[in-house]
Structure formats: C-alpha cells, structure tokens
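Below is the file my_file-v7.cif, which contains mmCIF, C-alpha atoms.
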data_start
loop_
_atom_site.label_atom_id
_atom_site.label_comp_id
_atom_site.auth_asym_id
_atom_site.auth_seq_id
_atom_site.Cartn_x
_atom_site.Cartn_y
_atom_site.Cartn_z
CA MET A 599 -80.10 -56.08 -20.39
CA THR A 600 -77.77 -56.53 -17.45
CA GLU A 601 -76.92 -52.82 -17.39
CA TYR A 602 -80.63 -51.89 -17.68
CA ALA A 603 -81.52 -54.22 -14.78
CA ALA A 604 -78.68 -52.86 -12.64
CA ASN A 605 -79.95 -49.29 -13.18
CA LYS A 606 -83.56 -50.24 -12.39
CA LEU A 607 -82.48 -52.14 -9.25
CA SER A 608 -80.48 -49.26 -7.80
CA GLY A 609 -80.92 -49.45 -4.02
CA TYR A 610 -81.94 -53.11 -4.08
CA VAL A 611 -79.63 -55.86 -2.82
CA PRO A 612 -79.35 -59.49 -3.96
CA TYR A 613 -80.55 -61.93 -1.31
CA TYR A 614 -80.88 -65.34 -2.95
CA LEU A 615 -79.37 -67.23 -5.85
CA TYR A 616 -81.03 -70.03 -7.81
CA ARG A 617 -78.96 -71.89 -10.37
CA GLN A 618 -80.70 -72.93 -13.56
CA LYS A 619 -79.37 -76.38 -14.46
CA ASN A 620 -81.02 -76.56 -17.89
CA MET A 621 -80.11 -73.09 -19.14
CA VAL A 622 -77.59 -72.16 -21.81
CA GLY A 623 -74.41 -71.06 -20.09
CA ASN A 624 -75.63 -72.31 -16.66
CA LEU A 625 -77.21 -68.93 -15.91
CA GLU A 626 -78.68 -68.00 -12.55
CA ASN A 627 -81.73 -66.29 -11.11
CA ILE A 628 -80.95 -63.76 -8.43
CA GLY A 629 -83.60 -62.34 -6.11
CA TYR A 630 -83.33 -58.64 -5.25
CA ALA A 631 -85.15 -56.72 -2.55
CA LEU A 632 -84.90 -53.53 -0.56
CA SER A 633 -82.99 -54.18 2.64
CA GLY A 634 -85.33 -55.55 5.29
CA HIS A 635 -87.99 -56.60 2.73
CA GLU A 636 -86.59 -59.96 1.65
CA CYS A 637 -89.11 -62.76 1.00
CA ILE A 638 -88.61 -65.46 3.64
CA ASN A 639 -90.43 -68.01 1.44
CA ASN A 640 -87.93 -67.50 -1.40
CA ILE A 641 -85.02 -67.98 0.99
CA THR A 642 -86.37 -71.14 2.64
CA VAL A 643 -87.33 -72.73 -0.69
CA MET A 644 -84.01 -71.94 -2.39
CA GLU A 645 -81.98 -73.11 0.60
CA GLU A 646 -84.19 -76.23 0.90
CA LEU A 647 -85.08 -75.43 4.52
CA ALA A 648 -88.84 -75.98 4.15
CA PRO A 649 -91.04 -78.53 2.40
CA VAL A 650 -92.97 -77.52 -0.72
CA TYR A 651 -96.58 -78.70 -1.11
CA ALA A 652 -97.34 -77.93 -4.75
CA CYS A 653 -100.35 -78.46 -6.98
CA GLY A 654 -101.08 -77.92 -10.64
CA ALA A 655 -99.51 -78.81 -13.97
CA GLY A 656 -95.71 -78.62 -13.80
CA SER A 657 -95.65 -78.44 -10.00
CA ILE A 658 -93.05 -80.24 -7.90
CA SER A 659 -93.68 -81.05 -4.25
CA LYS A 660 -90.61 -81.52 -2.08
CA LEU A 661 -90.15 -83.08 1.34
CA LEU A 662 -86.98 -82.75 3.38
CA GLY A 663 -85.26 -85.05 5.83
CA GLY A 664 -82.32 -87.44 5.60
CA ALA A 665 -82.77 -87.02 1.84
CA ILE A 666 -84.90 -84.81 -0.36
CA ALA A 667 -87.92 -86.48 -1.96
CA ARG A 668 -89.70 -84.90 -4.92
CA HIS A 669 -93.05 -85.59 -6.56
CA ALA A 670 -93.60 -83.95 -9.95
CA SER A 671 -96.76 -83.38 -11.96
CA PRO A 672 -96.61 -83.31 -15.77
CA LYS A 673 -96.27 -79.90 -17.42
CA ASP A 674 -98.67 -80.77 -20.23
CA ILE A 675 -102.11 -79.59 -19.07
CA GLY A 676 -104.01 -82.18 -21.14
CA LEU A 677 -101.92 -85.01 -19.67
CA TYR A 678 -102.23 -83.53 -16.18
CA LEU A 679 -106.02 -83.45 -16.47
CA SER A 680 -106.40 -86.87 -18.10
CA GLU A 681 -104.26 -88.55 -15.42
CA PHE A 682 -105.47 -86.41 -12.52
CA ASP A 683 -107.22 -89.11 -10.44
CA GLU A 684 -104.32 -91.58 -10.60
CA ARG A 685 -101.69 -88.90 -9.97
CA LEU A 686 -103.69 -87.56 -7.01
CA LYS A 687 -103.58 -91.03 -5.44
CA GLN A 688 -99.82 -91.15 -6.04
CA LYS A 689 -99.32 -87.73 -4.48
CA LEU A 690 -101.44 -88.58 -1.42
CA ASN A 691 -99.40 -91.76 -1.03
CA PHE A 692 -96.18 -89.73 -1.36
CA PHE A 693 -97.24 -87.44 1.49
CA SER A 694 -98.60 -90.22 3.73
CA CYS A 695 -95.44 -92.32 3.34
CA ALA A 696 -93.31 -89.29 4.16
CA GLU A 697 -95.33 -88.49 7.29
CA THR A 698 -94.77 -91.98 8.72
CA SER A 699 -91.10 -92.18 7.74
CA HIS A 700 -88.28 -91.08 10.02
CA ASN A 701 -86.35 -89.91 6.94
CA PHE A 702 -88.77 -87.17 5.91
CA LEU A 703 -90.04 -84.65 8.43
CA PRO A 704 -92.08 -81.86 6.83
#

Let me see whether you can do it: turn the structure in this file into structure tokens.
Amino acid sequence: MTEYAANKLSGYVPYYLYRQKNMVGNLENIGYALSGHECINNITVMEELAPVYACGAGSISKLLGGAIARHASPKDIGLYLSEFDERLKQKLNFFSCAETSHNFLP
C-alpha cells in the first residue's frame, strides 16, 4: 500500500504530520499536496495555531491560550441526541468561560 500511495502521489509533497496516538504501531497521517496548494486549515489545526469550533457526534472543540482546553461530544449518535440539550449548555458555558478568561484567547 505504501508503494502504491507513493506512485499515486508522484509530484506531491508532504506538508503536515499528524500522529495517531491510539493506532497499532503509533502510525501517522501525512498530508500531501502539490506545491503551493497546501491547506492552511490543516496546518493551523495540526500545529494547534487556531481554535477549533466543532459540532456533531464525535466532535472536539479546542481553545488555545496558556493551555489547550478541549470539549468533546460523544461519538455514539443516540447518546449525542439524547443528551443534546444538556451538552449544548455545557458547550456554551465552555466557550463563554474561555472568552472571559485570560488563559484562552480564541
């Protein structure tokens, strides 16, 4: 598979690396693009240079500052839907606390 991918990506260059902490063998995801066509969003998210405002089952919002704060939603869609109202309140509180804190500046 690695050889096949290398052949298909001829002319593309790697521009970001994302380590998978829960993968067998600690494998990595590498982003490839044609030179000059790199995705700025991928770079800023992987380098933790920009906040992430996420929604949906399995999403993780992230705010940056003196420390990194994360707010995760459950992956299970049924649980996500059944707890939606309470989790929405928690997420709104997460963002409002971060906005008034000097530690987190989105």

Using all atoms listed in the file, find the one residue out of A:Val643, A:Val611, A:Ala604, A:Leu686 that sits nearest to Ala670 of chain A.
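Using all atoms listed in the file, the shortest distance to Ala670 of chain A belongs to A:Leu686.
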
Could you spell out the hits of the PyMOL selection byres ((chain A and resi 661) around 6) on the shown file, as a ChimeraX atom specification?
/A:649,660,662,666-667,704

Go through the shown structure with the PyMOL selection byres ((chain A and resi 655) around 10) and write out the matching residues as a ChimeraX atom specification.
/A:652-654,656-658,670-679,682

Could you dump the residues just selected with C-alpha atoms as a short mmCIF file (atom, residue, chain, number, x, y, z; two decimals), in the coordinates of the input?
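Below is the file again_15.cif, written as the result:
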data_model
loop_
_atom_site.label_atom_id
_atom_site.label_comp_id
_atom_site.auth_asym_id
_atom_site.auth_seq_id
_atom_site.Cartn_x
_atom_site.Cartn_y
_atom_site.Cartn_z
CA ALA A 652 -97.34 -77.93 -4.75
CA CYS A 653 -100.35 -78.46 -6.98
CA GLY A 654 -101.08 -77.92 -10.64
CA GLY A 656 -95.71 -78.62 -13.80
CA SER A 657 -95.65 -78.44 -10.00
CA ILE A 658 -93.05 -80.24 -7.90
CA ALA A 670 -93.60 -83.95 -9.95
CA SER A 671 -96.76 -83.38 -11.96
CA PRO A 672 -96.61 -83.31 -15.77
CA LYS A 673 -96.27 -79.90 -17.42
CA ASP A 674 -98.67 -80.77 -20.23
CA ILE A 675 -102.11 -79.59 -19.07
CA GLY A 676 -104.01 -82.18 -21.14
CA LEU A 677 -101.92 -85.01 -19.67
CA TYR A 678 -102.23 -83.53 -16.18
CA LEU A 679 -106.02 -83.45 -16.47
CA PHE A 682 -105.47 -86.41 -12.52
#

Between atom CA of Glu646 of chain A and atom CA of Gly663 of chain A, measure the distance and give it in Å to one decimal.
10.2 Å

Surrounding residues of segment 633-637 of chain A excluding itself and chain neighbours under 4 positions, 8 Å, all atoms listed in the file, as a VMD selection string:
chain A and resid 610 to 611 613 641

Straight-line distance linking atom CA of Met599 of chain A with atom CA of Pro612 of chain A, stated in Å to one decimal:
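Straight-line distance from atom CA of Met599 of chain A to atom CA of Pro612 of chain A works out to 16.8 Å.
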
Do you have the atom CA of Tyr651 of chain A-atom CA of Gly664 of chain A distance handy?
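Atom CA of Gly664 of chain A lies 18.0 Å from atom CA of Tyr651 of chain A.
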
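With only C-alpha atoms as the atoms that count, the residue of A:Tyr614, A:Ala665, A:Leu632, A:Ser659 with the shortest distance to Lys689 of chain A is A:Ser659.
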